[in-house]
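Chemist: Input protein38.pdb, format and content: PDB, C-alpha atoms.
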ATOM      1  CA  MET A 209     -24.705 154.140  85.440  1.00  0.00           C
ATOM      2  CA  PRO A 210     -22.942 155.142  82.206  1.00  0.00           C
ATOM      3  CA  HIS A 211     -22.169 158.813  81.699  1.00  0.00           C
ATOM      4  CA  VAL A 212     -25.228 160.231  79.869  1.00  0.00           C
ATOM      5  CA  ARG A 213     -24.878 163.800  78.635  1.00  0.00           C
ATOM      6  CA  GLU A 214     -27.604 166.226  77.585  1.00  0.00           C
ATOM      7  CA  VAL A 215     -26.380 167.698  74.296  1.00  0.00           C
ATOM      8  CA  PRO A 216     -27.681 169.767  71.387  1.00  0.00           C
ATOM      9  CA  LEU A 217     -29.213 167.826  68.506  1.00  0.00           C
ATOM     10  CA  PRO A 218     -26.378 167.065  66.056  1.00  0.00           C
ATOM     11  CA  ALA A 219     -26.602 168.990  62.788  1.00  0.00           C
ATOM     12  CA  GLU A 220     -26.595 165.760  60.752  1.00  0.00           C
ATOM     13  CA  SER A 221     -29.829 164.461  62.339  1.00  0.00           C
ATOM     14  CA  ALA A 222     -32.809 164.220  59.985  1.00  0.00           C
ATOM     15  CA  LEU A 223     -34.878 165.726  62.819  1.00  0.00           C
ATOM     16  CA  GLN A 224     -33.313 169.092  61.965  1.00  0.00           C
ATOM     17  CA  ASP A 225     -35.588 169.222  58.893  1.00  0.00           C
ATOM     18  CA  ARG A 226     -38.715 168.859  61.069  1.00  0.00           C
ATOM     19  CA  MET A 227     -37.970 171.540  63.647  1.00  0.00           C
ATOM     20  CA  ARG A 228     -40.126 174.660  63.732  1.00  0.00           C
ATOM     21  CA  ALA A 229     -40.525 177.445  66.237  1.00  0.00           C
ATOM     22  CA  GLY A 230     -42.275 176.214  69.375  1.00  0.00           C
ATOM     23  CA  ASP A 231     -41.398 172.537  68.880  1.00  0.00           C
ATOM     24  CA  PHE A 232     -39.909 170.507  71.713  1.00  0.00           C
ATOM     25  CA  ILE A 233     -36.539 168.822  71.223  1.00  0.00           C
ATOM     26  CA  ASP A 234     -34.166 167.152  73.621  1.00  0.00           C
ATOM     27  CA  CYS A 235     -31.102 165.032  73.030  1.00  0.00           C
ATOM     28  CA  TYR A 236     -28.905 162.792  75.164  1.00  0.00           C
ATOM     29  CA  ALA A 237     -25.625 161.087  74.245  1.00  0.00           C
ATOM     30  CA  VAL A 238     -23.607 158.179  75.585  1.00  0.00           C
ATOM     31  CA  ALA A 239     -20.424 156.441  74.430  1.00  0.00           C
ATOM     32  CA  SER A 240     -21.355 153.168  72.765  1.00  0.00           C
ATOM     33  CA  ALA A 241     -20.043 150.784  70.136  1.00  0.00           C
ATOM     34  CA  LEU A 242     -23.359 148.921  69.855  1.00  0.00           C
ATOM     35  CA  PRO A 243     -24.908 148.523  66.409  1.00  0.00           C
ATOM     36  CA  LEU A 244     -27.732 151.042  65.929  1.00  0.00           C
ATOM     37  CA  GLU A 245     -30.569 148.478  65.878  1.00  0.00           C
ATOM     38  CA  GLU A 246     -29.318 146.734  69.042  1.00  0.00           C
ATOM     39  CA  ALA A 247     -29.014 150.091  70.804  1.00  0.00           C
ATOM     40  CA  ALA A 248     -32.585 150.936  69.753  1.00  0.00           C
ATOM     41  CA  ARG A 249     -33.873 147.621  71.089  1.00  0.00           C
ATOM     42  CA  ARG A 250     -32.130 148.246  74.416  1.00  0.00           C
ATOM     43  CA  ALA A 251     -33.405 151.822  74.606  1.00  0.00           C
ATOM     44  CA  THR A 252     -37.019 150.738  74.036  1.00  0.00           C
ATOM     45  CA  ALA A 253     -36.892 147.852  76.547  1.00  0.00           C
ATOM     46  CA  PHE A 254     -38.576 149.914  79.252  1.00  0.00           C
ATOM     47  CA  PRO A 255     -38.294 148.971  82.944  1.00  0.00           C
ATOM     48  CA  GLY A 256     -41.385 147.994  84.944  1.00  0.00           C
ATOM     49  CA  TRP A 257     -41.952 151.454  86.434  1.00  0.00           C
ATOM     50  CA  ALA A 258     -41.999 153.047  82.950  1.00  0.00           C
ATOM     51  CA  LYS A 259     -44.369 150.351  81.656  1.00  0.00           C
ATOM     52  CA  GLY A 260     -46.612 151.080  84.647  1.00  0.00           C
ATOM     53  CA  LEU A 261     -46.663 154.792  83.796  1.00  0.00           C
ATOM     54  CA  LEU A 262     -47.564 153.935  80.199  1.00  0.00           C
ATOM     55  CA  ALA A 263     -50.439 151.729  81.386  1.00  0.00           C
ATOM     56  CA  LEU A 264     -51.693 154.586  83.599  1.00  0.00           C
ATOM     57  CA  ARG A 265     -51.392 157.014  80.682  1.00  0.00           C
ATOM     58  CA  ASN A 266     -53.395 154.663  78.467  1.00  0.00           C
ATOM     59  CA  ALA A 267     -56.168 154.307  81.048  1.00  0.00           C
ATOM     60  CA  ILE A 268     -56.440 158.093  81.384  1.00  0.00           C
ATOM     61  CA  VAL A 269     -56.339 159.024  77.681  1.00  0.00           C
ATOM     62  CA  ALA A 270     -58.418 156.195  76.177  1.00  0.00           C
ATOM     63  CA  PRO A 271     -61.733 157.927  77.025  1.00  0.00           C
ATOM     64  CA  LEU A 272     -60.382 161.070  75.336  1.00  0.00           C
ATOM     65  CA  GLY A 273     -59.920 159.250  72.040  1.00  0.00           C
ATOM     66  CA  LEU A 274     -56.104 159.152  72.057  1.00  0.00           C
ATOM     67  CA  ARG A 275     -54.193 156.142  70.843  1.00  0.00           C
ATOM     68  CA  THR A 276     -53.379 153.634  73.534  1.00  0.00           C
ATOM     69  CA  ARG A 277     -51.409 151.446  71.155  1.00  0.00           C
ATOM     70  CA  LEU A 278     -49.066 152.731  68.492  1.00  0.00           C
ATOM     71  CA  ALA A 279     -50.850 151.474  65.398  1.00  0.00           C
ATOM     72  CA  GLY A 280     -49.275 149.806  62.439  1.00  0.00           C
ATOM     73  CA  ASP A 281     -48.189 146.350  61.448  1.00  0.00           C
ATOM     74  CA  GLY A 282     -45.022 147.463  59.697  1.00  0.00           C
ATOM     75  CA  ASP A 283     -41.441 147.736  60.825  1.00  0.00           C
ATOM     76  CA  ARG A 284     -41.142 148.630  64.509  1.00  0.00           C
ATOM     77  CA  ILE A 285     -38.652 148.587  67.326  1.00  0.00           C
ATOM     78  CA  GLY A 286     -40.169 148.105  70.738  1.00  0.00           C
ATOM     79  CA  PRO A 287     -43.570 149.787  70.657  1.00  0.00           C
ATOM     80  CA  PHE A 288     -42.552 152.406  68.087  1.00  0.00           C
ATOM     81  CA  PRO A 289     -43.051 152.322  64.301  1.00  0.00           C
ATOM     82  CA  VAL A 290     -39.862 152.909  62.283  1.00  0.00           C
ATOM     83  CA  THR A 291     -40.331 155.940  60.029  1.00  0.00           C
ATOM     84  CA  SER A 292     -36.875 156.021  58.454  1.00  0.00           C
ATOM     85  CA  ARG A 293     -33.461 154.421  58.662  1.00  0.00           C
ATOM     86  CA  SER A 294     -29.985 155.027  57.323  1.00  0.00           C
ATOM     87  CA  ASP A 295     -26.544 153.697  58.159  1.00  0.00           C
ATOM     88  CA  THR A 296     -26.192 156.268  60.945  1.00  0.00           C
ATOM     89  CA  GLU A 297     -29.748 157.154  62.060  1.00  0.00           C
ATOM     90  CA  LEU A 298     -32.917 155.332  62.953  1.00  0.00           C
ATOM     91  CA  ILE A 299     -36.106 157.352  63.406  1.00  0.00           C
ATOM     92  CA  LEU A 300     -39.189 156.056  65.217  1.00  0.00           C
ATOM     93  CA  GLY A 301     -42.545 157.719  65.860  1.00  0.00           C
ATOM     94  CA  LEU A 302     -45.885 158.766  64.456  1.00  0.00           C
ATOM     95  CA  ASP A 303     -48.319 161.597  63.853  1.00  0.00           C
ATOM     96  CA  ASP A 304     -51.506 161.937  65.899  1.00  0.00           C
ATOM     97  CA  ARG A 305     -54.317 164.476  66.345  1.00  0.00           C
ATOM     98  CA  HIS A 306     -52.792 166.211  69.353  1.00  0.00           C
ATOM     99  CA  LEU A 307     -49.092 165.935  68.493  1.00  0.00           C
ATOM    100  CA  ASP A 308     -46.482 164.395  66.199  1.00  0.00           C
ATOM    101  CA  PHE A 309     -43.360 162.862  67.670  1.00  0.00           C
ATOM    102  CA  ARG A 310     -40.143 161.288  66.481  1.00  0.00           C
ATOM    103  CA  ILE A 311     -37.334 159.578  68.341  1.00  0.00           C
ATOM    104  CA  SER A 312     -33.941 159.651  66.672  1.00  0.00           C
ATOM    105  CA  LEU A 313     -31.136 157.239  67.465  1.00  0.00           C
ATOM    106  CA  LEU A 314     -28.057 158.656  65.774  1.00  0.00           C
ATOM    107  CA  ARG A 315     -24.436 157.520  65.688  1.00  0.00           C
ATOM    108  CA  THR A 316     -21.738 160.195  65.588  1.00  0.00           C
ATOM    109  CA  GLY A 317     -18.243 158.794  66.069  1.00  0.00           C
ATOM    110  CA  PRO A 318     -18.024 156.929  69.377  1.00  0.00           C
ATOM    111  CA  ASP A 319     -21.375 158.281  70.629  1.00  0.00           C
ATOM    112  CA  LEU A 320     -24.987 157.295  70.260  1.00  0.00           C
ATOM    113  CA  HIS A 321     -27.535 160.081  70.551  1.00  0.00           C
ATOM    114  CA  MET A 322     -31.173 159.704  71.496  1.00  0.00           C
ATOM    115  CA  ALA A 323     -33.317 162.700  70.638  1.00  0.00           C
ATOM    116  CA  THR A 324     -37.037 163.317  70.942  1.00  0.00           C
ATOM    117  CA  TRP A 325     -38.846 165.869  68.768  1.00  0.00           C
ATOM    118  CA  VAL A 326     -42.476 166.838  69.431  1.00  0.00           C
ATOM    119  CA  HIS A 327     -44.716 169.157  67.447  1.00  0.00           C
ATOM    120  CA  THR A 328     -48.008 169.899  69.203  1.00  0.00           C
ATOM    121  CA  HIS A 329     -51.167 170.665  67.205  1.00  0.00           C
ATOM    122  CA  ASN A 330     -53.454 172.152  69.837  1.00  0.00           C
ATOM    123  CA  ALA A 331     -53.921 173.085  73.502  1.00  0.00           C
ATOM    124  CA  PHE A 332     -54.495 169.456  74.438  1.00  0.00           C
ATOM    125  CA  GLY A 333     -51.156 168.478  72.882  1.00  0.00           C
ATOM    126  CA  ARG A 334     -49.345 171.273  74.722  1.00  0.00           C
ATOM    127  CA  THR A 335     -50.979 170.307  78.036  1.00  0.00           C
ATOM    128  CA  TYR A 336     -50.207 166.634  77.484  1.00  0.00           C
ATOM    129  CA  LEU A 337     -46.551 167.446  76.767  1.00  0.00           C
ATOM    130  CA  ARG A 338     -46.246 169.548  79.951  1.00  0.00           C
ATOM    131  CA  ILE A 339     -47.730 166.735  82.053  1.00  0.00           C
ATOM    132  CA  VAL A 340     -45.496 163.971  80.695  1.00  0.00           C
ATOM    133  CA  MET A 341     -42.280 166.017  80.551  1.00  0.00           C
ATOM    134  CA  PRO A 342     -40.836 165.074  83.985  1.00  0.00           C
ATOM    135  CA  PHE A 343     -41.407 161.383  83.224  1.00  0.00           C
ATOM    136  CA  HIS A 344     -40.117 161.769  79.663  1.00  0.00           C
ATOM    137  CA  ARG A 345     -36.789 163.153  80.858  1.00  0.00           C
ATOM    138  CA  ALA A 346     -36.241 160.312  83.348  1.00  0.00           C
ATOM    139  CA  ILE A 347     -37.255 157.651  80.818  1.00  0.00           C
ATOM    140  CA  CYS A 348     -35.006 159.098  78.083  1.00  0.00           C
ATOM    141  CA  ARG A 349     -31.948 159.432  80.319  1.00  0.00           C
ATOM    142  CA  GLN A 350     -32.317 155.817  81.419  1.00  0.00           C
ATOM    143  CA  ALA A 351     -33.010 154.641  77.853  1.00  0.00           C
ATOM    144  CA  THR A 352     -29.848 156.381  76.688  1.00  0.00           C
ATOM    145  CA  ALA A 353     -27.876 154.746  79.514  1.00  0.00           C
ATOM    146  CA  ARG A 354     -29.108 151.316  78.339  1.00  0.00           C
ATOM    147  CA  MET A 355     -27.522 152.042  74.927  1.00  0.00           C
ATOM    148  CA  ALA A 356     -24.024 152.202  76.439  1.00  0.00           C
ATOM    149  CA  GLY A 357     -21.889 149.284  75.440  1.00  0.00           C
TER
END
Would you mind giving the structure from this file in structure tokens?

Modeler:
Amino acid sequence: MPHVREVPLPAESALQDRMRAGDFIDCYAVASALPLEEAARRATAFPGWAKGLLALRNAIVAPLGLRTRLAGDGDRIGPFPVTSRSDTELILGLDDRHLDFRISLLRTGPDLHMATWVHTHNAFGRTYLRIVMPFHRAICRQATARMAG
């Protein structure tokens, strides 16, 4: 497996403008020469076990009124809507009733960074984030590893 490092969010990331006290942020980096869009496609090509967890999540949260499909017909990479793009950063994500999230794929020199920012709106959002956190970390580390190239 490529060497994936947990690192602070780079100062040049557009996610810096979103961060507020109490928000969740994590960031992983890996050496990669892949173009940003190709790296994003690789990162969002989830393995079977992660797809299975997503299907389980959808079955549990559908009766609670949460989205089970990331809505929108516009620009997307994998299951995620693209919210912004530049030459060095691609941001995916959406806003929902319980939380807002963004995934940043950022190039800095020889590295690609994958960061996740989450802002919760209520107790349900905070509980949801605590429950998915162990799975999130494993999925993000592996997604970052798939961006190596």

Chemist: One decimal, Å: what's the distance from CA of Glu220 in chain A over to CA of Arg338 in chain A, could you say?

Modeler: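 These two atoms are separated by 27.7 Å.
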
Chemist: Quick one: axis-aligned box around all listed atoms of range 284-297 of chain A, 8 Å on every side, centre and edge lengths in Å to one decimal, written as lines of an AutoDock Vina configuration file.

Modeler:
center_x = -34.9
center_y = 152.6
center_z = 64.0
size_x = 33.4
size_y = 25.0
size_z = 29.4

Chemist: Between CA of Ile339 in chain A and CA of Pro218 in chain A, measure the distance and give it in Å to one decimal.

Modeler: 26.7 Å

Chemist: What would the selection look like, as a ChimeraX atom specification, if the PyMOL selection byres ((chain A and resi 301) around 8) were run on the coordinates I just shared?

Modeler: /A:288-291,299-300,302-303,308-311

Chemist: Point out the residue among A:Ala356, A:Val212, A:Ala229, A:Met322 with the least atom-to-atom distance to Pro243 in chain A, counting only C-alpha atoms.

Modeler: A:Ala356

Chemist: Name the residues captured by the PyMOL selection byres ((chain A and resi 214) around 10) when it is applied to the shown file; answer as a list of chain:residue names.

Modeler: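 Output of the PyMOL selection byres ((chain A and resi 214) around 10): A:Val212, A:Arg213, A:Val215, A:Pro216, A:Leu217, A:Asp234, A:Cys235, A:Tyr236, A:Ala237, A:Val238, A:His321, A:Met322, A:Ala323, A:Arg349.
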
Chemist: Measuring between all atoms listed in the file, which one of A:Gly333, A:Arg345, A:Phe232, A:Met355 shows the shortest distance to Leu244 in chain A?

Modeler: A:Met355

Chemist: If you measure from CA of Thr296 in chain A to CA of Pro255 in chain A, what distance in Å do you get, rounded to one decimal?

Modeler: 26.1 Å

Chemist: Every residue with an atom at most 8 Å from (-32.7, 158.4, 62.0) (file coordinates; all atoms listed in the file) is what I'm after, so could you write them as a ChimeraX atom specification?

Modeler: /A:221-223,292-294,296-300,311-314

Chemist: Just checking: using only C-alpha atoms, which residue out of A:Asp295, A:Phe332, A:Ala239, A:Trp325 ends up closest to His211 in chain A?

Modeler: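 Nearest candidate to His211 in chain A out of A:Asp295, A:Phe332, A:Ala239, A:Trp325: A:Ala239.
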
Chemist: Within 12 Å of Ala241 in chain A, counting all atoms listed in the file, which residues show up once you throw out same-chain ones fewer than 6 positions away? Write them as JSON, numbers by chain, please.

Modeler: {"A": [247, 315, 316, 317, 318, 319, 320, 321, 355, 356, 357]}

Chemist: When distances are computed from all atoms listed in the file, which of A:Pro287, A:Val326, A:Trp257, A:Ile233 shows the smallest separation from Ile347 in chain A?

Modeler: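 Once distances to Ile347 in chain A are computed over all atoms listed in the file, the minimum belongs to A:Trp257.
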
Chemist: What do you get, as a PyMOL selection string, if you spell out every residue that the PyMOL selection byres ((chain A and resi 286) around 8) selects here?

Modeler: chain A and resi 249+252-253+284-285+287-288
